[in-house]
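Trainee: Provided herewith is a single structure, encoded as structure tokens, for subsequent inquiry.
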Amino acid sequence: MKWRSLTESLPGADARSLHEQVAERKELIRKYVPAEAQIVHARVIEDLQLGGIASRVLQIGALAPQFELRDHNDQAVSSADLLSTTRLVICFFRGRWCPFCVGQLEAMNRVLPEIQRARAALLAISPQTVKQSFFMADQHKLAFPLLSDSGNQSARKFGLVYRVPEDQKLIFQRSFINLPLANGDETWELPIPATFIVERDDRIAYASADPDYTERPEPAEIVEQLKALNRCG
């Protein structure tokens, strides 16, 4: 599926800030998504916030759980192997069906050379299948690994997972968002979007997670965090 601005563009060609792109997507949702659906999505966000999911997310200084997952080319990727040589920037996202996830990963793709110059590697993790990750990487010309976290096993260790409530599930189904097909299971579970920087000793040096799936850190902020870590040694 395609999520584009009002004017069609090539993948990765939108040079606006992520904040500007998110604002446009929010405005389109306000205009074109039925009000009753917007109310349900807003209530789910509020329930997650009141339920304290953000307090369960791993924070700066915590040890990041190790993982070995399949990338969009069905190759095994080990966090331990990567951390033996470099820092990691890890973006947990919901799936290729989410316009805010697409916008974030395209924006991260544009700063990938800066991330690499700052001596870090970029990974993105979602519960979607390897096939769905391949489609996403190919369609949006993403130049970093998209990892398939079957059953949200890794996301759960980071404290990110929730179950989609029934009324939101019905809205997804009416919108042809088929999570059992996309994720390869019947759990209807998703991670809240989150971005982490993990040091080579497995310590989390930066953490950003928000139950509001429309909120993502600006890629430039991630790059500046990496530069600051380099300056500190």
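Please note that chains go A, B, ... in the order of the structure tokens, that every chain numbers its residues from 1, and that ligands are numbered from 1 in the order shown.
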For A:His19, work out the shell of residues within 12 Å, counting only C-alpha atoms and skipping chain neighbours fewer than 5 positions away, then give it as a PyMOL selection string.

Mentor: chain A and resi 24-26+100+103-104+107+214-221

Trainee: If you count only C-alpha atoms, which residues fall within 10 Å of A:Asp74, apart from same-chain ones fewer than 2 positions away, as an MDAnalysis selection string?

Mentor: chainID A and resid 69:72 76:77 129:131 133:134 146:148

Trainee: Filtering to N, CA and C atoms, could you give me those residues as a PDB file, in the first residue's frame?

Mentor:
```pdb
ATOM      1  N   LEU A  69      17.041 -11.992  14.722  1.00  0.00           N
ATOM      2  CA  LEU A  69      15.814 -11.957  13.932  1.00  0.00           C
ATOM      3  C   LEU A  69      16.149 -12.049  12.452  1.00  0.00           C
ATOM      4  N   ARG A  70      15.142 -12.385  11.638  1.00  0.00           N
ATOM      5  CA  ARG A  70      15.330 -12.469  10.188  1.00  0.00           C
ATOM      6  C   ARG A  70      15.058 -11.116   9.568  1.00  0.00           C
ATOM      7  N   ASP A  71      15.932 -10.709   8.646  1.00  0.00           N
ATOM      8  CA  ASP A  71      15.715  -9.434   7.968  1.00  0.00           C
ATOM      9  C   ASP A  71      14.831  -9.620   6.734  1.00  0.00           C
ATOM     10  N   HIS A  72      14.627  -8.537   5.975  1.00  0.00           N
ATOM     11  CA  HIS A  72      13.698  -8.575   4.845  1.00  0.00           C
ATOM     12  C   HIS A  72      14.198  -9.443   3.694  1.00  0.00           C
ATOM     13  N   ALA A  76      19.611 -13.989   8.904  1.00  0.00           N
ATOM     14  CA  ALA A  76      19.663 -13.805  10.349  1.00  0.00           C
ATOM     15  C   ALA A  76      20.504 -12.582  10.694  1.00  0.00           C
ATOM     16  N   VAL A  77      19.988 -11.766  11.608  1.00  0.00           N
ATOM     17  CA  VAL A  77      20.706 -10.589  12.098  1.00  0.00           C
ATOM     18  C   VAL A  77      20.769 -10.691  13.615  1.00  0.00           C
ATOM     19  N   THR A 129       5.658 -10.053   8.807  1.00  0.00           N
ATOM     20  CA  THR A 129       6.415 -11.183   8.283  1.00  0.00           C
ATOM     21  C   THR A 129       7.594 -10.717   7.433  1.00  0.00           C
ATOM     22  N   VAL A 130       8.501 -11.648   7.162  1.00  0.00           N
ATOM     23  CA  VAL A 130       9.633 -11.352   6.295  1.00  0.00           C
ATOM     24  C   VAL A 130       9.147 -10.868   4.929  1.00  0.00           C
ATOM     25  N   LYS A 131       8.111 -11.494   4.404  1.00  0.00           N
ATOM     26  CA  LYS A 131       7.593 -11.095   3.090  1.00  0.00           C
ATOM     27  C   LYS A 131       7.094  -9.651   3.115  1.00  0.00           C
ATOM     28  N   SER A 133       8.052  -7.313   5.163  1.00  0.00           N
ATOM     29  CA  SER A 133       9.226  -6.445   5.305  1.00  0.00           C
ATOM     30  C   SER A 133       9.948  -6.277   3.974  1.00  0.00           C
ATOM     31  N   PHE A 134      10.017  -7.362   3.196  1.00  0.00           N
ATOM     32  CA  PHE A 134      10.640  -7.265   1.878  1.00  0.00           C
ATOM     33  C   PHE A 134       9.867  -6.291   0.991  1.00  0.00           C
ATOM     34  N   LEU A 146      15.185  -4.418   7.757  1.00  0.00           N
ATOM     35  CA  LEU A 146      13.886  -4.474   8.418  1.00  0.00           C
ATOM     36  C   LEU A 146      13.756  -5.874   8.999  1.00  0.00           C
ATOM     37  N   LEU A 147      13.658  -5.972  10.311  1.00  0.00           N
ATOM     38  CA  LEU A 147      13.655  -7.256  10.994  1.00  0.00           C
ATOM     39  C   LEU A 147      12.240  -7.658  11.395  1.00  0.00           C
ATOM     40  N   SER A 148      11.950  -8.937  11.241  1.00  0.00           N
ATOM     41  CA  SER A 148      10.628  -9.477  11.563  1.00  0.00           C
ATOM     42  C   SER A 148      10.652 -10.105  12.949  1.00  0.00           C
TER      43      SER A 148
END
```

Trainee: Can you list every residue of stretch 132-210 of chain A that has an atom at most 10 Å from stretch 35-49 of chain A, with its nearest atom pair and the distance in Å to one decimal, using only C-alpha atoms, ordered by chain then number, as a Markdown table?

Mentor:
```
| residue | atom | partner | partner_atom | distance |
| --- | --- | --- | --- | --- |
| A:Tyr162 | CA | A:Leu48 | CA | 8.3 |
| A:Val164 | CA | A:Val44 | CA | 8.4 |
| A:Pro165 | CA | A:Val44 | CA | 7.7 |
| A:Asp167 | CA | A:Val40 | CA | 7.1 |
| A:Gln168 | CA | A:Val40 | CA | 6.3 |
| A:Leu170 | CA | A:Ala37 | CA | 9.7 |
| A:Ile171 | CA | A:Ala37 | CA | 6.6 |
| A:Phe172 | CA | A:Ala37 | CA | 9.3 |
| A:Ile192 | CA | A:Leu48 | CA | 9.3 |
| A:Asp210 | CA | A:Gln49 | CA | 8.4 |
```

Trainee: What's the separation between atom CA of A:Leu83 and atom CA of A:Ala62, in Å to one decimal place?

Mentor: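 It comes out at 15.4 Å.
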
Trainee: Running DSSP on the backbone, which parts of stretch 33-205 of chain A land in helix (DSSP H, G or I), as a PyMOL selection string?

Mentor: chain A and resi 35-50+53-56+79-83+99-110+112-117+130-139+150-157+166-174+179-183

Trainee: Please determine, counting only C-alpha atoms, which residue among A:Ile177, A:Ala155, A:Arg117, A:Arg96 has the shortest atom-to-atom distance to A:Asp138.

Mentor: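 Distance minimum relative to A:Asp138 lands on A:Arg96.
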
Trainee: Neighbouring residues of A:Ser84 were defined as those with any atom within 12 Å, considering only C-alpha atoms; residues of the same chain fewer than 4 positions away were excluded. Please report them as a count of residues only.

Mentor: 11

Trainee: Based on DSSP run over this structure's backbone, return all residues of stretch 154-220 of chain A in strand (DSSP E or B), as a ChimeraX atom specification.

Mentor: /A:161-163,189-191,194-198,203-209

Trainee: Find, counting only C-alpha atoms, the residue in A:Lys227, A:Arg174, A:Lys169, A:Lys157 that gets nearest to A:Leu58.

Mentor: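 Checking each of A:Lys227, A:Arg174, A:Lys169, A:Lys157 against A:Leu58, counting only C-alpha atoms, the winner is A:Lys157.
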
Trainee: Can you measure atom CA of A:Gly52 to atom CA of A:Pro211 for me? One decimal in Å is fine.

Mentor: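 The value is 9.4 Å.
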